[in-house]
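Chemist: See final.txt below, with compact mmCIF, C-alpha atoms.
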```txt
# COMPACT_ATOMS: atom_id res chain seq x y z
CA MET J 1 -6.70 -15.65 -3.52
CA SER J 2 -4.34 -13.02 -4.95
CA LYS J 3 -1.88 -11.29 -2.67
CA GLN J 4 -0.61 -7.75 -3.24
CA LEU J 5 3.08 -7.47 -4.00
CA GLN J 6 5.21 -5.72 -1.40
CA ASP J 7 8.24 -3.55 -2.04
CA ALA J 8 11.84 -4.73 -1.84
CA TYR J 9 14.40 -2.25 -0.54
CA ILE J 10 18.19 -2.09 -0.81
CA VAL J 11 19.53 -1.11 2.62
CA ALA J 12 23.23 -1.80 2.02
CA ALA J 13 25.34 -2.20 -1.08
CA THR J 14 29.06 -2.65 -1.53
CA ARG J 15 31.64 -4.01 -3.89
CA LEU J 16 35.33 -4.73 -3.89
CA PRO J 17 37.80 -2.89 -6.11
CA ILE J 18 37.99 -4.52 -9.54
CA GLY J 19 41.30 -6.21 -10.27
CA LYS J 20 42.81 -6.72 -13.70
CA ALA J 21 43.02 -10.30 -14.90
CA PRO J 22 45.07 -12.36 -15.17
CA ARG J 23 48.00 -10.46 -13.65
CA GLY J 24 46.34 -7.94 -11.36
CA ALA J 25 46.00 -7.51 -7.62
CA PHE J 26 43.64 -10.47 -7.15
CA ARG J 27 45.45 -12.95 -9.39
CA ASN J 28 46.22 -15.21 -6.42
CA THR J 29 43.07 -14.47 -4.41
CA ARG J 30 40.34 -17.08 -4.45
CA PRO J 31 36.95 -15.83 -5.66
CA ASP J 32 35.17 -17.40 -2.69
CA ASP J 33 37.39 -15.28 -0.43
CA LEU J 34 36.54 -12.16 -2.45
CA LEU J 35 32.84 -12.97 -2.18
CA ALA J 36 33.07 -13.76 1.53
CA HIS J 37 34.60 -10.33 2.13
CA ALA J 38 31.80 -8.64 0.17
CA LEU J 39 29.13 -10.57 2.10
CA LYS J 40 30.68 -9.82 5.47
CA SER J 41 31.02 -6.15 4.55
CA VAL J 42 27.45 -5.68 3.34
CA VAL J 43 26.05 -7.24 6.51
CA ALA J 44 28.25 -4.95 8.62
CA GLN J 45 26.62 -1.96 6.93
CA ALA J 46 23.34 -2.83 8.65
CA PRO J 47 24.39 -3.32 12.29
CA ASN J 48 20.78 -3.10 13.52
CA LEU J 49 19.89 -6.24 11.61
CA ASP J 50 20.50 -9.68 13.12
CA PRO J 51 22.25 -11.84 10.47
CA LYS J 52 20.11 -14.76 11.62
CA LEU J 53 17.21 -13.09 9.82
CA ILE J 54 18.88 -13.54 6.44
CA GLU J 55 17.03 -16.32 4.64
CA ASP J 56 19.08 -16.84 1.50
CA VAL J 57 22.13 -15.58 -0.38
CA ILE J 58 21.74 -15.57 -4.16
CA VAL J 59 25.02 -15.18 -6.07
CA GLY J 60 25.58 -14.67 -9.77
CA CYS J 61 28.60 -16.29 -11.39
CA SER J 62 29.23 -16.86 -15.11
CA PHE J 63 31.54 -19.85 -14.81
CA PRO J 64 30.75 -21.54 -11.47
CA GLU J 65 33.51 -24.13 -11.43
CA GLY J 66 36.96 -24.62 -9.93
CA GLU J 67 37.67 -22.10 -7.19
CA GLN J 68 34.22 -20.58 -7.68
CA GLY J 69 32.39 -23.89 -7.91
CA ASN J 70 30.85 -26.10 -5.22
CA ASN J 71 27.90 -23.66 -4.90
CA VAL J 72 30.15 -20.68 -4.22
CA ALA J 73 27.24 -18.83 -2.59
CA ARG J 74 26.98 -21.27 0.29
CA MET J 75 30.73 -21.72 0.60
CA ALA J 76 31.38 -17.98 0.78
CA LEU J 77 28.64 -17.20 3.27
CA LEU J 78 30.10 -19.81 5.62
CA LEU J 79 33.58 -18.36 5.07
CA ALA J 80 32.13 -14.95 5.89
CA GLY J 81 30.91 -16.24 9.25
CA LEU J 82 27.21 -15.89 8.51
CA PRO J 83 24.92 -18.21 10.50
CA ASN J 84 24.72 -21.71 9.09
CA THR J 85 20.94 -21.29 9.00
CA VAL J 86 21.37 -19.02 5.96
CA GLY J 87 20.85 -20.68 2.59
CA GLY J 88 22.94 -20.07 -0.50
CA VAL J 89 22.40 -20.61 -4.21
CA THR J 90 24.50 -19.80 -7.27
CA VAL J 91 22.82 -18.64 -10.49
CA ASN J 92 24.18 -18.19 -14.00
CA ARG J 93 22.97 -15.87 -16.75
CA PHE J 94 26.47 -15.10 -18.01
CA CYS J 95 27.10 -11.33 -17.85
CA ALA J 96 23.65 -10.69 -16.33
CA SER J 97 24.17 -13.17 -13.48
CA GLY J 98 24.68 -10.47 -10.85
CA ILE J 99 21.63 -8.36 -11.75
CA THR J 100 19.57 -11.55 -12.07
CA ALA J 101 20.57 -12.41 -8.50
CA VAL J 102 19.32 -8.99 -7.36
CA ALA J 103 16.03 -9.48 -9.20
CA MET J 104 15.55 -12.97 -7.76
CA ALA J 105 16.23 -11.78 -4.21
CA ALA J 106 13.83 -8.87 -4.67
CA ASP J 107 11.17 -11.17 -6.10
CA ARG J 108 11.30 -13.44 -3.05
CA ILE J 109 10.56 -10.41 -0.91
CA ARG J 110 7.98 -8.92 -3.25
CA VAL J 111 5.84 -12.07 -3.20
CA GLY J 112 6.11 -12.36 0.58
CA GLN J 113 8.27 -15.49 0.75
CA ALA J 114 11.20 -13.75 2.49
CA ASP J 115 11.98 -10.60 4.44
CA VAL J 116 15.79 -10.47 4.33
CA MET J 117 17.95 -11.57 1.39
CA ILE J 118 21.45 -10.96 0.07
CA ALA J 119 22.07 -10.67 -3.66
CA ALA J 120 25.64 -10.82 -4.90
CA GLY J 121 27.98 -11.64 -7.74
CA VAL J 122 31.54 -12.93 -8.06
CA GLU J 123 33.98 -13.79 -10.81
CA SER J 124 37.69 -14.49 -10.99
CA MET J 125 38.82 -14.36 -14.60
CA SER J 126 42.37 -14.86 -13.33
CA MET J 127 41.54 -18.32 -12.00
CA ILE J 128 38.66 -19.38 -14.26
CA PRO J 129 39.16 -18.70 -17.98
CA MET J 130 36.42 -17.69 -20.40
CA THR J 131 34.29 -20.80 -21.17
CA GLY J 132 35.80 -22.54 -18.10
CA HIS J 133 38.62 -25.03 -17.69
CA HIS J 134 37.04 -27.88 -19.63
CA PRO J 135 34.54 -26.49 -22.15
CA SER J 136 32.39 -29.11 -23.82
CA ILE J 137 30.43 -27.38 -26.57
CA ASN J 138 27.77 -29.20 -28.53
CA MET J 139 29.26 -29.28 -32.01
CA ARG J 140 25.85 -28.55 -33.54
CA VAL J 141 26.19 -24.91 -32.45
CA LEU J 142 28.99 -24.51 -34.99
CA GLN J 143 26.60 -25.46 -37.78
CA ASP J 144 24.03 -22.75 -37.05
CA GLU J 145 24.96 -19.19 -35.99
CA ASN J 146 21.46 -18.70 -34.61
CA ILE J 147 22.19 -21.07 -31.73
CA GLY J 148 24.54 -18.43 -30.48
CA MET J 149 27.92 -19.85 -29.68
CA ALA J 150 29.13 -20.30 -33.24
CA TYR J 151 30.50 -16.76 -32.98
CA GLY J 152 32.83 -15.57 -30.28
CA MET J 153 31.82 -12.42 -28.45
CA GLY J 154 34.25 -10.31 -30.44
CA LEU J 155 32.75 -11.36 -33.76
CA THR J 156 29.27 -10.45 -32.53
CA ALA J 157 30.65 -6.98 -31.76
CA GLU J 158 32.00 -6.76 -35.30
CA LYS J 159 28.57 -7.68 -36.66
CA VAL J 160 26.94 -4.96 -34.54
CA ALA J 161 29.52 -2.41 -35.67
CA ASN J 162 28.81 -3.26 -39.31
CA GLN J 163 25.03 -3.34 -39.02
CA TRP J 164 24.77 -0.12 -36.98
CA LYS J 165 27.61 1.58 -38.87
CA ILE J 166 29.72 2.29 -35.77
CA SER J 167 33.10 3.52 -36.98
CA ARG J 168 36.50 2.64 -35.57
CA GLU J 169 37.00 6.32 -34.69
CA ALA J 170 33.72 6.45 -32.75
CA GLN J 171 34.66 3.32 -30.82
CA ASP J 172 38.09 4.71 -29.95
CA ALA J 173 36.59 8.01 -28.81
CA PHE J 174 34.07 6.15 -26.64
CA ALA J 175 36.86 4.16 -24.97
CA VAL J 176 38.91 7.29 -24.29
CA GLU J 177 35.89 8.91 -22.64
CA SER J 178 35.26 5.81 -20.52
CA HIS J 179 38.77 6.06 -19.08
CA ARG J 180 38.50 9.84 -18.64
CA ARG J 181 35.26 9.55 -16.69
CA ALA J 182 36.55 6.69 -14.54
CA LEU J 183 39.72 8.56 -13.62
CA ALA J 184 37.77 11.74 -12.84
CA ALA J 185 35.42 9.77 -10.57
CA GLN J 186 38.36 8.14 -8.79
CA GLN J 187 40.05 11.48 -8.23
CA ALA J 188 36.83 13.01 -6.92
CA GLY J 189 36.34 10.10 -4.50
CA HIS J 190 32.98 9.14 -5.97
CA PHE J 191 33.65 5.41 -5.66
CA ALA J 192 34.48 5.60 -1.94
CA ASP J 193 30.97 4.90 -0.64
CA GLU J 194 30.50 1.80 -2.78
CA ILE J 195 33.96 0.21 -2.44
CA THR J 196 35.10 -1.95 0.46
CA PRO J 197 38.93 -2.22 0.37
CA TYR J 198 40.49 -5.67 0.36
CA GLU J 199 43.80 -6.67 1.92
CA VAL J 200 45.91 -8.86 -0.33
CA ILE J 201 48.55 -11.05 1.26
CA ASP J 202 51.45 -12.05 -1.01
CA ARG J 203 53.69 -14.88 0.17
CA ALA J 204 57.11 -15.77 -1.22
CA PRO J 205 59.99 -17.96 0.03
CA ASN J 206 63.19 -16.40 1.30
CA LEU J 207 65.73 -18.81 -0.12
CA GLU J 208 68.48 -17.70 2.25
CA SER J 209 66.52 -18.07 5.51
CA GLY J 210 64.11 -20.75 4.36
CA GLU J 211 61.21 -18.70 5.70
CA ILE J 212 58.00 -17.62 3.99
CA VAL J 213 57.85 -13.83 3.74
CA GLU J 214 54.45 -12.15 3.82
CA LYS J 215 53.72 -8.80 2.22
CA ARG J 216 50.38 -7.11 2.85
CA ARG J 217 48.79 -4.38 0.76
CA VAL J 218 45.34 -2.86 0.76
CA ILE J 219 43.56 -2.53 -2.58
CA SER J 220 41.05 0.32 -2.54
CA LEU J 221 40.79 1.46 -6.18
CA ASP J 222 39.84 -0.22 -9.43
CA GLU J 223 42.95 -1.18 -11.37
CA GLY J 224 41.61 -0.69 -14.89
CA PRO J 225 41.48 3.06 -15.61
CA ARG J 226 44.52 4.31 -17.52
CA ALA J 227 45.57 7.94 -17.67
CA ASP J 228 47.62 7.32 -20.83
CA THR J 229 44.62 6.24 -22.94
CA SER J 230 44.43 8.46 -26.01
CA PRO J 231 42.86 8.44 -29.48
CA GLU J 232 46.34 8.26 -30.95
CA GLY J 233 47.30 5.28 -28.85
CA LEU J 234 44.07 3.39 -29.53
CA ALA J 235 44.34 4.08 -33.25
CA LYS J 236 47.59 2.10 -33.34
CA LEU J 237 46.00 -1.08 -31.95
CA LYS J 238 45.33 -3.91 -34.36
CA THR J 239 41.87 -5.44 -34.63
CA VAL J 240 41.71 -8.71 -32.76
CA PHE J 241 38.56 -10.48 -33.97
CA ALA J 242 38.41 -9.76 -37.71
CA ALA J 243 41.25 -8.88 -40.08
CA LYS J 244 39.29 -6.03 -41.65
CA GLY J 245 37.24 -5.27 -38.59
CA SER J 246 37.10 -2.32 -36.19
CA VAL J 247 37.01 -3.84 -32.69
CA THR J 248 40.27 -3.83 -30.72
CA ALA J 249 41.38 -4.77 -27.23
CA GLY J 250 41.21 -1.09 -26.37
CA THR J 251 37.52 -0.86 -27.24
CA SER J 252 36.56 -4.09 -25.47
CA SER J 253 35.77 -4.66 -21.80
CA GLN J 254 38.69 -5.67 -19.60
CA MET J 255 39.04 -9.15 -18.15
CA SER J 256 38.70 -8.70 -14.41
CA ASP J 257 38.25 -10.12 -10.93
CA GLY J 258 35.67 -8.80 -8.49
CA ALA J 259 32.65 -9.22 -6.23
CA GLY J 260 29.70 -7.17 -5.04
CA ALA J 261 26.77 -7.63 -2.65
CA LEU J 262 23.47 -5.98 -1.73
CA LEU J 263 21.24 -6.45 1.31
CA VAL J 264 17.57 -6.56 0.30
CA VAL J 265 14.71 -6.35 2.81
CA SER J 266 10.95 -5.90 3.10
CA GLU J 267 9.18 -2.80 4.43
CA LYS J 268 8.37 -4.73 7.59
CA ILE J 269 12.08 -5.19 8.32
CA LEU J 270 12.77 -1.53 7.50
CA LYS J 271 10.37 -0.41 10.20
CA GLU J 272 11.15 -3.06 12.81
CA HIS J 273 14.91 -2.47 12.65
CA ASN J 274 14.97 1.26 11.92
CA LEU J 275 16.81 0.84 8.62
CA THR J 276 17.25 3.59 6.04
CA PRO J 277 16.82 2.37 2.47
CA LEU J 278 19.23 3.36 -0.28
CA ALA J 279 16.75 2.45 -3.00
CA ARG J 280 13.70 0.43 -3.92
CA PHE J 281 14.06 -2.27 -6.55
CA SER J 282 11.49 -1.23 -9.16
CA SER J 283 11.62 -3.74 -12.00
CA PHE J 284 13.63 -6.22 -14.02
CA ALA J 285 13.35 -7.43 -17.58
CA VAL J 286 15.24 -9.85 -19.78
CA ARG J 287 14.68 -10.31 -23.49
CA GLY J 288 16.27 -12.33 -26.25
CA VAL J 289 17.84 -11.08 -29.50
CA PRO J 290 19.59 -12.85 -32.40
CA PRO J 291 22.71 -14.42 -30.88
CA GLU J 292 25.00 -13.17 -33.64
CA ILE J 293 24.23 -9.56 -32.59
CA MET J 294 23.97 -10.27 -28.88
CA GLY J 295 25.42 -6.85 -27.99
CA ILE J 296 22.21 -5.08 -28.95
CA GLY J 297 20.31 -6.87 -26.14
CA PRO J 298 19.77 -3.79 -23.93
CA LYS J 299 17.84 -2.20 -26.79
CA VAL J 300 14.89 -4.49 -26.02
CA ALA J 301 15.47 -5.00 -22.29
CA ILE J 302 15.52 -1.28 -21.40
CA PRO J 303 12.01 -0.47 -22.74
CA ALA J 304 10.64 -3.64 -21.14
CA ALA J 305 12.07 -2.75 -17.72
CA CYS J 306 10.73 0.80 -18.01
CA ALA J 307 7.28 -0.50 -18.89
CA ALA J 308 7.33 -2.87 -15.93
CA ALA J 309 8.28 0.02 -13.62
CA GLY J 310 5.59 2.25 -15.09
CA ILE J 311 8.03 4.95 -16.17
CA THR J 312 9.48 6.25 -19.41
CA GLN J 313 13.07 5.93 -20.58
CA ASP J 314 13.54 9.68 -20.19
CA GLN J 315 12.85 9.37 -16.45
CA ILE J 316 15.99 7.28 -15.93
CA ASP J 317 18.61 9.63 -14.45
CA TRP J 318 21.58 7.26 -14.45
CA PHE J 319 22.33 4.34 -16.78
CA GLU J 320 24.99 1.77 -15.98
CA LEU J 321 25.20 0.30 -19.48
CA ASN J 322 27.82 -2.42 -19.39
CA GLU J 323 30.47 -1.72 -22.01
CA ALA J 324 31.10 -5.22 -23.28
CA PHE J 325 32.35 -3.48 -26.41
CA ALA J 326 32.28 0.14 -27.46
CA ALA J 327 30.52 -0.94 -30.67
CA GLN J 328 27.53 -2.49 -28.93
CA ALA J 329 27.23 0.25 -26.30
CA LEU J 330 27.21 2.90 -29.04
CA ALA J 331 24.64 0.93 -31.05
CA VAL J 332 22.30 0.77 -28.05
CA ILE J 333 22.77 4.47 -27.29
CA GLN J 334 22.13 5.31 -30.95
CA ASP J 335 19.07 3.09 -31.36
CA LEU J 336 17.32 4.20 -28.18
CA GLY J 337 18.47 7.81 -28.34
CA LEU J 338 19.98 7.69 -24.86
CA ASP J 339 21.36 10.86 -23.31
CA THR J 340 25.11 10.18 -23.27
CA SER J 341 25.57 12.39 -20.20
CA LYS J 342 23.43 9.89 -18.27
CA VAL J 343 25.21 6.78 -19.56
CA ASN J 344 28.13 5.57 -17.44
CA PRO J 345 28.90 8.99 -15.91
CA MET J 346 31.81 7.41 -14.00
CA GLY J 347 33.11 5.26 -16.83
CA GLY J 348 32.24 1.72 -17.81
CA ALA J 349 33.69 -1.73 -18.30
CA ILE J 350 36.20 -0.60 -20.94
CA ALA J 351 37.95 1.37 -18.19
CA LEU J 352 36.71 -0.18 -14.95
CA GLY J 353 36.63 -3.85 -15.97
CA HIS J 354 34.00 -6.54 -16.39
CA PRO J 355 34.22 -9.50 -14.01
CA LEU J 356 31.41 -11.26 -15.90
CA GLY J 357 28.87 -12.67 -13.41
CA ALA J 358 29.83 -10.13 -10.75
CA THR J 359 29.25 -7.06 -12.91
CA GLY J 360 25.49 -6.76 -12.36
CA ALA J 361 25.87 -6.70 -8.57
CA ILE J 362 28.88 -4.38 -8.77
CA ARG J 363 27.11 -1.88 -10.98
CA ALA J 364 23.97 -2.11 -8.84
CA ALA J 365 26.09 -0.89 -5.92
CA THR J 366 27.33 1.92 -8.15
CA VAL J 367 23.79 2.95 -9.08
CA VAL J 368 22.23 3.03 -5.62
CA HIS J 369 25.09 5.08 -4.19
CA ALA J 370 25.08 7.41 -7.22
CA LEU J 371 21.36 8.03 -6.77
CA GLN J 372 21.93 8.96 -3.13
CA ARG J 373 25.01 11.10 -3.76
CA ASN J 374 23.41 13.06 -6.59
CA LYS J 375 19.83 13.04 -5.22
CA LEU J 376 18.49 11.39 -8.38
CA LYS J 377 15.29 9.40 -8.71
CA TYR J 378 15.80 6.42 -11.04
CA GLY J 379 18.87 4.42 -12.00
CA MET J 380 19.31 1.40 -14.26
CA VAL J 381 21.78 -1.45 -14.63
CA THR J 382 21.68 -3.02 -18.09
CA MET J 383 23.85 -5.25 -20.22
CA CYS J 384 24.00 -7.54 -23.21
CA VAL J 385 24.34 -11.25 -22.52
CA GLY J 386 26.12 -14.02 -24.43
CA THR J 387 23.99 -16.23 -26.70
CA GLY J 388 21.72 -13.26 -27.40
CA MET J 389 19.99 -11.61 -24.46
CA GLY J 390 19.61 -8.24 -22.84
CA ALA J 391 18.84 -7.57 -19.18
CA ALA J 392 17.88 -4.43 -17.28
CA GLY J 393 17.04 -3.64 -13.68
CA ILE J 394 15.67 -0.35 -12.33
CA PHE J 395 16.33 1.16 -8.89
CA GLU J 396 14.40 4.07 -7.36
CA ARG J 397 15.80 6.32 -4.64
CA VAL J 398 13.33 6.61 -1.77
```
Could I get this file's structure written as structure tokens?

Modeler:
Amino acid sequence: MSKQLQDAYIVAATRLPIGKAPRGAFRNTRPDDLLAHALKSVVAQAPNLDPKLIEDVIVGCSFPEGEQGNNVARMALLLAGLPNTVGGVTVNRFCASGITAVAMAADRIRVGQADVMIAAGVESMSMIPMTGHHPSINMRVLQDENIGMAYGMGLTAEKVANQWKISREAQDAFAVESHRRALAAQQAGHFADEITPYEVIDRAPNLESGEIVEKRRVISLDEGPRADTSPEGLAKLKTVFAAKGSVTAGTSSQMSDGAGALLVVSEKILKEHNLTPLARFSSFAVRGVPPEIMGIGPKVAIPAACAAAGITQDQIDWFELNEAFAAQALAVIQDLGLDTSKVNPMGGAIALGHPLGATGAIRAATVVHALQRNKLKYGMVTMCVGTGMGAAGIFERV
């Protein structure tokens, strides 16, 4: 007997400031501690809700090993002081891990298997390098580019730039605008509602006294945006992936550390606990593309997510399109005819950073708060994914 799907609502959403890797504010902070702080903070935003009602914590992480291994979801929720009755599971879809966690949590509620869930994401690129500490790649992938890992991410961006004819000048201009928008949003205080500050404790020995000296500082802003970013400065950068290419470090997403979390509940919980929703989770879609042009993934995921939500692309008021590279973001914008004023209005990963598996949850927090602040209807989080995928999730302000 079929059962009607119920709605899943976001009632709290937060993220930590994004730190630069590998020498930024969180270089010595464990990712499970970052995640624990995000979990504790998101629960505190719903004081009417008993944490014992939380059934599971789903956490996205691109490289779940080392300090973010050992099922970091369960470890962090215990570190956060959540009841030990709460389950935890870590999921990996590379850069779409965080938004996949949100979709999975919402799905549990939509099919009636849960009433209270937490979706989150975490990544420390300071502690866990790209591909992990001990990569073991099947050598067959190097014989066939279609398998997807024969090319590094940067070379896929070069292929997209060539195929979609995205010039070096266009990429540089896009990067400058990303920084400009991020700085303007910081100065206007637009990130305040979504960011939970984090206190970093630095310890160093005093060689004269033999004591350990502690220094505490509160991090409340993303470290990535740079006021000195200019077309002239970016034009001087050398290409880093192809000798005659167009992609530079300045037009690529920043390596970063960060975490974000969202509290997702059913309508029953909304009413019983007098909770005010920030948004309803409308739909999610993931689609595959040729791995060698993985950056174009959102081109197919965005229409699929819109179709699943029963809306058109033009009805999306706010796009968080992850800027893995300026080349791929511009190719997606060009191919779909996106309104650039709606795409990353507060900057993207080129300025703000991209802590891989955490990004989907972080940008979901950005979207739901932006919808509330600007009284907009629909917002989307979308990104390309390594090995050739695109993912997109839609949120509706209610």

Chemist: From the options J:Thr312, J:Met75, J:Val385, J:Ala114, which residue's atoms come nearest to Ile269 (chain J), counting all atoms listed in the file?

Modeler: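 Ranked by minimum distance to Ile269 (chain J), first place goes to J:Ala114.
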
Chemist: Between J:Lys244, J:Arg27, J:Arg110, J:Arg74, which residue has the minimum interatomic distance to Lys3 (chain J), considering all atoms listed in the file?

Modeler: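 Using all atoms listed in the file, the shortest distance to Lys3 (chain J) belongs to J:Arg110.
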
Chemist: What does the structure give for the distance between CA of Ala304 (chain J) and CA of Phe325 (chain J), in Å to one decimal?

Modeler: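 Between these atoms lies a distance of 22.3 Å.
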
Chemist: Identify which of the residues J:Glu292, J:Asp228, J:Asp32, J:Glu67 lies closest to Leu79 (chain J), counting all atoms listed in the file when measuring atom-to-atom distances.

Modeler: J:Asp32

Chemist: Between CA of Phe63 (chain J) and CA of Ser252 (chain J), what is the spacing in Å?

Modeler: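 Straight-line distance from CA of Ser252 (chain J) to CA of Phe63 (chain J) works out to 19.7 Å.
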
Chemist: So which one's closest to Met130 (chain J), J:Ser256, J:Asn84, J:Ser220, J:Gln143? Using only C-alpha atoms, please.

Modeler: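 The closest residue to Met130 (chain J) is J:Ser256.
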
Chemist: In Å, how far is it from CA of Val247 (chain J) to CA of Gln328 (chain J)?

Modeler: 10.3 Å

Chemist: Considering only C-alpha atoms, can you say which of J:Ser209, J:Ser178, J:Thr359, J:Thr14 comes closest to Leu262 (chain J)?

Modeler: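 Ranked by minimum distance to Leu262 (chain J), first place goes to J:Thr14.
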
Chemist: Given the choices J:Asn71, J:Ser246, J:Leu78, J:Gly24, which gets closest to Lys165 (chain J) if the distance is worked out from only C-alpha atoms?

Modeler: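 With only C-alpha atoms as the atom set, the closest residue is J:Ser246.
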
Chemist: Neighbouring residues of Lys377 (chain J) were defined as those with any atom within 8 Å, considering only C-alpha atoms; residues of the same chain fewer than 4 positions away were excluded. Please report them as a ChimeraX atom specification.

Modeler: /J:316-317,371,396-398

Chemist: For Met389 (chain J), find every residue with an atom within 12 Å (counting all atoms listed in the file), except residues of its own chain fewer than 5 positions away, and show them as a list in words.

Modeler: Arg93, Phe94, Cys95, Ala96, Ser97, Gly148, Ala285, Val286, Arg287, Gly288, Val289, Pro290, Pro291, Glu292, Ile293, Met294, Gly295, Ile296, Gly297, Pro298, Lys299, Val300, Ala301, Ile302, Thr382, Met383 and Cys384 of chain J

Chemist: Within 12 Å of region 352-358 of chain J, which residues of region 37-121 of chain J come that close, and what is the closest atom pair and distance in Å for each? Count all atoms listed in the file and give it as a tab-separated table.

Modeler:
```
residue	atom	partner	partner_atom	distance
J:Ala38	CA	J:Ala358	CA	11.2
J:Ile58	CA	J:Ala358	CA	11.8
J:Val59	CA	J:Ala358	CA	8.4
J:Gly60	CA	J:Gly357	CA	5.3
J:Cys61	CA	J:Gly357	CA	4.2
J:Ser62	CA	J:Gly357	CA	4.5
J:Phe63	CA	J:Gly357	CA	7.8
J:Pro64	CA	J:Gly357	CA	9.3
J:Gln68	CA	J:Gly357	CA	11.1
J:Thr90	CA	J:Gly357	CA	10.4
J:Val91	CA	J:Gly357	CA	9.0
J:Asn92	CA	J:Gly357	CA	7.3
J:Arg93	CA	J:Gly357	CA	7.5
J:Phe94	CA	J:Gly357	CA	5.7
J:Cys95	CA	J:Leu356	CA	4.7
J:Ala96	CA	J:Gly357	CA	6.3
J:Ser97	CA	J:Gly357	CA	4.7
J:Gly98	CA	J:Ala358	CA	5.2
J:Ile99	CA	J:Ala358	CA	8.4
J:Thr100	CA	J:Gly357	CA	9.5
J:Ala101	CA	J:Gly357	CA	9.6
J:Val102	CA	J:Ala358	CA	11.1
J:Ala119	CA	J:Ala358	CA	10.5
J:Ala120	CA	J:Ala358	CA	7.2
J:Gly121	CA	J:Ala358	CA	3.8
```

Chemist: Set the distance at 7 Å and use all atoms listed in the file: which residues neighbour region 166-173 of chain J once local chain neighbours fewer than 3 positions away are removed? I'd like the list as a list of chain:residue names.

Modeler: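 Counting only the stated atoms, we get J:Ala161, J:Asn162, J:Val176, J:Glu177, J:Pro231, J:Leu234, J:Ser246, J:Thr251, J:Ala326, J:Ala327.
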